[in-house]
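The structure file start30.cif is reproduced below (mmCIF, C-alpha atoms and all ligand atoms).
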data_coords
loop_
_atom_site.label_atom_id
_atom_site.label_comp_id
_atom_site.auth_asym_id
_atom_site.auth_seq_id
_atom_site.Cartn_x
_atom_site.Cartn_y
_atom_site.Cartn_z
CA MET F 1024 246.27 -11.32 24.88
CA ASN F 1025 247.29 -8.48 27.16
CA GLU F 1026 245.52 -5.28 28.12
CA ALA F 1027 247.08 -3.41 25.19
CA THR F 1028 245.74 -5.85 22.59
CA GLU F 1029 242.44 -7.08 24.00
CA HIS F 1030 240.40 -4.45 22.13
CA LEU F 1031 242.00 -5.07 18.75
CA VAL F 1032 239.61 -6.38 16.10
CA ALA F 1033 240.91 -8.02 12.92
CA VAL F 1034 239.43 -6.29 9.88
CA GLY F 1035 241.33 -7.88 7.00
CA ARG F 1036 244.70 -8.39 5.43
CA LEU F 1037 247.14 -5.65 4.55
CA ASP F 1038 247.39 -7.07 1.03
CA ASP F 1039 243.69 -6.36 0.52
CA ILE F 1040 244.32 -2.61 0.78
CA PRO F 1041 245.99 -1.13 -2.30
CA ARG F 1042 249.03 1.07 -1.74
CA GLN F 1043 247.90 4.71 -1.63
CA GLY F 1044 244.36 3.45 -1.25
CA ALA F 1045 241.80 2.63 1.39
CA ARG F 1046 239.11 0.21 2.44
CA VAL F 1047 235.93 0.93 4.40
CA VAL F 1048 235.17 -0.94 7.63
CA ARG F 1049 231.56 -0.65 8.73
CA THR F 1050 230.94 -0.56 12.49
CA ALA F 1051 227.97 0.04 14.75
CA PHE F 1052 229.41 3.51 15.36
CA GLY F 1053 229.82 4.42 11.71
CA ASP F 1054 232.17 3.76 8.84
CA LEU F 1055 235.95 3.82 9.24
CA ALA F 1056 238.47 4.31 6.45
CA VAL F 1057 241.62 2.19 6.68
CA PHE F 1058 244.42 3.66 4.55
CA ARG F 1059 247.66 2.17 3.27
CA THR F 1060 250.44 4.54 2.29
CA ALA F 1061 253.05 3.98 -0.44
CA ASP F 1062 255.52 2.79 2.21
CA ASP F 1063 252.99 0.41 3.80
CA GLY F 1064 252.01 2.64 6.70
CA VAL F 1065 248.47 1.82 7.84
CA PHE F 1066 246.13 4.38 9.39
CA ALA F 1067 242.44 4.52 10.21
CA LEU F 1068 240.16 7.52 10.42
CA ARG F 1069 236.46 8.10 10.72
CA ASN F 1070 235.30 7.95 7.08
CA ALA F 1071 233.88 11.45 7.16
CA CYS F 1072 235.68 14.63 6.25
CA PRO F 1073 235.49 17.30 8.97
CA HIS F 1074 234.34 19.79 6.33
CA ARG F 1075 231.07 18.34 5.06
CA GLY F 1076 231.39 14.63 5.67
CA GLY F 1077 232.99 13.62 2.38
CA PRO F 1078 234.07 9.97 2.12
CA LEU F 1079 237.77 10.13 2.93
CA SER F 1080 238.19 6.51 1.79
CA GLU F 1081 237.65 7.80 -1.76
CA GLY F 1082 240.29 10.50 -1.40
CA ILE F 1083 243.83 10.62 -2.74
CA VAL F 1084 246.48 9.28 -0.37
CA HIS F 1085 249.82 11.11 -0.59
CA GLY F 1086 252.60 10.86 1.94
CA ARG F 1087 250.87 10.55 5.29
CA SER F 1088 247.83 12.58 4.25
CA VAL F 1089 244.60 12.15 2.33
CA THR F 1090 242.92 14.75 0.15
CA CYS F 1091 239.15 14.70 0.44
CA PRO F 1092 237.45 13.94 -2.89
CA LEU F 1093 234.78 16.61 -2.47
CA HIS F 1094 236.55 19.93 -1.84
CA ASN F 1095 240.23 18.98 -1.59
CA TRP F 1096 240.83 19.55 2.11
CA VAL F 1097 243.99 17.74 3.18
CA ILE F 1098 243.78 15.65 6.35
CA SER F 1099 246.69 14.08 8.25
CA LEU F 1100 246.42 10.30 8.48
CA GLU F 1101 248.49 10.40 11.66
CA THR F 1102 246.50 12.98 13.63
CA GLY F 1103 243.18 13.40 11.81
CA GLU F 1104 243.87 17.15 11.77
CA VAL F 1105 243.12 19.22 8.70
CA GLU F 1106 246.37 20.48 7.16
CA GLY F 1107 244.63 22.94 4.84
CA PRO F 1108 243.00 24.99 3.59
CA ASP F 1109 240.95 25.34 6.80
CA HIS F 1110 241.01 23.58 10.16
CA GLY F 1111 239.21 20.76 11.97
CA CYS F 1112 239.80 17.11 12.68
CA THR F 1113 238.32 13.66 12.34
CA ALA F 1114 238.65 10.70 14.70
CA VAL F 1115 241.85 8.66 14.53
CA ILE F 1116 241.51 4.94 15.22
CA GLY F 1117 244.42 2.90 16.57
CA VAL F 1118 245.84 0.37 14.09
CA SER F 1119 248.08 -2.64 14.49
CA VAL F 1120 249.47 -4.84 11.72
CA ALA F 1121 250.95 -8.22 12.61
CA ASP F 1122 251.54 -11.18 10.31
CA GLY F 1123 249.83 -9.27 7.51
CA VAL F 1124 246.59 -8.86 9.45
CA VAL F 1125 245.21 -5.37 10.11
CA ARG F 1126 243.58 -4.88 13.50
CA LEU F 1127 241.75 -1.80 14.73
CA ASP F 1128 241.48 -0.63 18.32
CA LEU F 1129 237.74 -0.14 18.70
CA SER F 1130 237.89 0.30 22.49
CA ARG F 1131 237.42 4.06 22.39
CA LEU F 1132 235.60 4.24 19.09
CA ALA F 1133 232.25 5.47 20.34
CA ALA F 1134 233.83 8.33 22.29
CA ALA F 1135 236.20 9.23 19.44
CA MET F 1136 233.38 9.29 16.90
CA ALA F 1137 231.20 11.41 19.16
CA VAL F 1138 233.96 14.01 19.63
CA ALA F 1139 234.80 14.08 15.92
CA ALA F 1140 231.14 14.55 14.98
CA GLU F 1141 230.79 17.68 17.13
S1 LIG D 1 233.67 17.44 2.42
FE1 LIG D 1 235.82 17.14 2.46
S2 LIG D 1 236.66 18.98 1.75
FE2 LIG D 1 234.53 19.31 1.75
#

Take the structure in this file and express it as structure tokens.
Amino acid sequence: MNEATEHLVAVGRLDDIPRQGARVVRTAFGDLAVFRTADDGVFALRNACPHRGGPLSEGIVHGRSVTCPLHNWVISLETGEVEGPDHGCTAVIGVSVADGVVRLDLSRLAAAMAVAAE
């Protein structure tokens, strides 16, 4: 394991996440939503919409975005930025997939969650 991978934590298999769906990973710093796109892209965000904290894991995944289930804000899976209708962002968590195993980079999670919660 090198410096780039030493903070990666295995959280499950890619096959356990439905295409255009998500799974929740519970951490000491709060829940994360791990998304799988139609083309097998994998992304992780803090599982709280920047609007009013809606559960993004229950949103609709389309392209590289998710639409929040509560008030339909659209959030980029790549940047965590709101694409519309307003603005804001949620924490993006680093993801790695190797041999079908999804790993999250939790090394900066506490700081990322604190910034996103502001
Ligand atoms: S809580 Fe997500 S759009 Fe309102």

(message) Let me make sure I understand: among F:Gly1053, F:Gly1035, F:Gly1117, F:Pro1078, which one has the smallest atom-to-atom distance to ligand LIG 1 (chain D) if we use only C-alpha atoms and all ligand atoms?
(response)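 Smallest separation from ligand LIG 1 (chain D) among the options: F:Pro1078.
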
Neighbouring residues of ligand LIG 1 (chain D) are defined here as those with any atom at most 10 Å from a ligand atom, counting all atoms listed in the file; list them as a PDB file with C-alpha atoms, in the frame of the given file.
ATOM      1  CA  ALA F1071     233.880  11.450   7.160  1.00  0.00           C
ATOM      2  CA  CYS F1072     235.680  14.630   6.250  1.00  0.00           C
ATOM      3  CA  PRO F1073     235.490  17.300   8.970  1.00  0.00           C
ATOM      4  CA  HIS F1074     234.340  19.790   6.330  1.00  0.00           C
ATOM      5  CA  ARG F1075     231.070  18.340   5.060  1.00  0.00           C
ATOM      6  CA  GLY F1076     231.390  14.630   5.670  1.00  0.00           C
ATOM      7  CA  GLY F1077     232.990  13.620   2.380  1.00  0.00           C
ATOM      8  CA  PRO F1078     234.070   9.970   2.120  1.00  0.00           C
ATOM      9  CA  LEU F1079     237.770  10.130   2.930  1.00  0.00           C
ATOM     10  CA  GLY F1082     240.290  10.500  -1.400  1.00  0.00           C
ATOM     11  CA  THR F1090     242.920  14.750   0.150  1.00  0.00           C
ATOM     12  CA  CYS F1091     239.150  14.700   0.440  1.00  0.00           C
ATOM     13  CA  PRO F1092     237.450  13.940  -2.890  1.00  0.00           C
ATOM     14  CA  LEU F1093     234.780  16.610  -2.470  1.00  0.00           C
ATOM     15  CA  HIS F1094     236.550  19.930  -1.840  1.00  0.00           C
ATOM     16  CA  ASN F1095     240.230  18.980  -1.590  1.00  0.00           C
ATOM     17  CA  TRP F1096     240.830  19.550   2.110  1.00  0.00           C
ATOM     18  CA  VAL F1097     243.990  17.740   3.180  1.00  0.00           C
ATOM     19  CA  ILE F1098     243.780  15.650   6.350  1.00  0.00           C
ATOM     20  CA  VAL F1105     243.120  19.220   8.700  1.00  0.00           C
ATOM     21  CA  GLY F1107     244.630  22.940   4.840  1.00  0.00           C
ATOM     22  CA  PRO F1108     243.000  24.990   3.590  1.00  0.00           C
ATOM     23  CA  ASP F1109     240.950  25.340   6.800  1.00  0.00           C
TER      24      ASP F1109
END

(request) Name the closest residue to Ala1061 of chain F among the candidates F:Val1125, F:His1085, F:Ser1080, F:Ala1045; distances are taken between atoms, counting all atoms listed in the file. (result)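 For Ala1061 of chain F, the nearest of the given residues is F:His1085.
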
(message) Which residues are near Ala1121 of chain F? Cut-off 10 Å, all atoms listed in the file, ignore same chain within fewer than 3 positions. Put them as a PyMOL selection string.
(response) chain F and resi 1036-1037+1124-1126

(message) From the options F:Glu1081, F:Ala1114, F:Arg1059, F:Phe1066, which residue's atoms come nearest to Glu1101 of chain F, counting all atoms listed in the file?
(response) F:Phe1066

(request) Can you work out which one of F:Asp1128, F:Ser1119, F:Pro1041, F:Arg1069 has the shortest atom-to-atom distance to Leu1100 of chain F, counting all atoms listed in the file? (result) F:Arg1069

(message) One number please: atom CA of Ser1130 of chain F to atom CA of Val1115 of chain F, in Å, one decimal.
(response)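 A separation of 12.2 Å between them.
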
(request) For atom CA of Val1118 of chain F and atom CA of Val1084 of chain F, quote the distance in Å rounded to one decimal. (result)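 Computing the Euclidean distance for atom CA of Val1118 of chain F and atom CA of Val1084 of chain F yields 17.0 Å.
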
(message) Under the rule that all atoms listed in the file are counted, which of F:Ile1040, F:His1030, F:Gly1064, F:Gly1111 is the nearest residue to Ser1088 of chain F?
(response)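 Closest candidate: F:Gly1064.
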
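Between Thr1102 of chain F and the candidates F:Ala1056, F:Ile1083, F:Ala1067, F:Asp1039, the tightest atom-to-atom separation, counting all atoms listed in the file, involves F:Ala1067.
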
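Interatomic distance, atom CA of Arg1046 of chain F against atom CA of Asp1122 of chain F: 18.6 Å.
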
Per-axis box centre and lengths in Å around segment 1107-1126 of chain F, 5 Å margin per side, axis-aligned, as JSON:
{"center_x": 244.9, "center_y": 7.1, "center_z": 10.1, "size_x": 23.2, "size_y": 46.5, "size_z": 23.0}
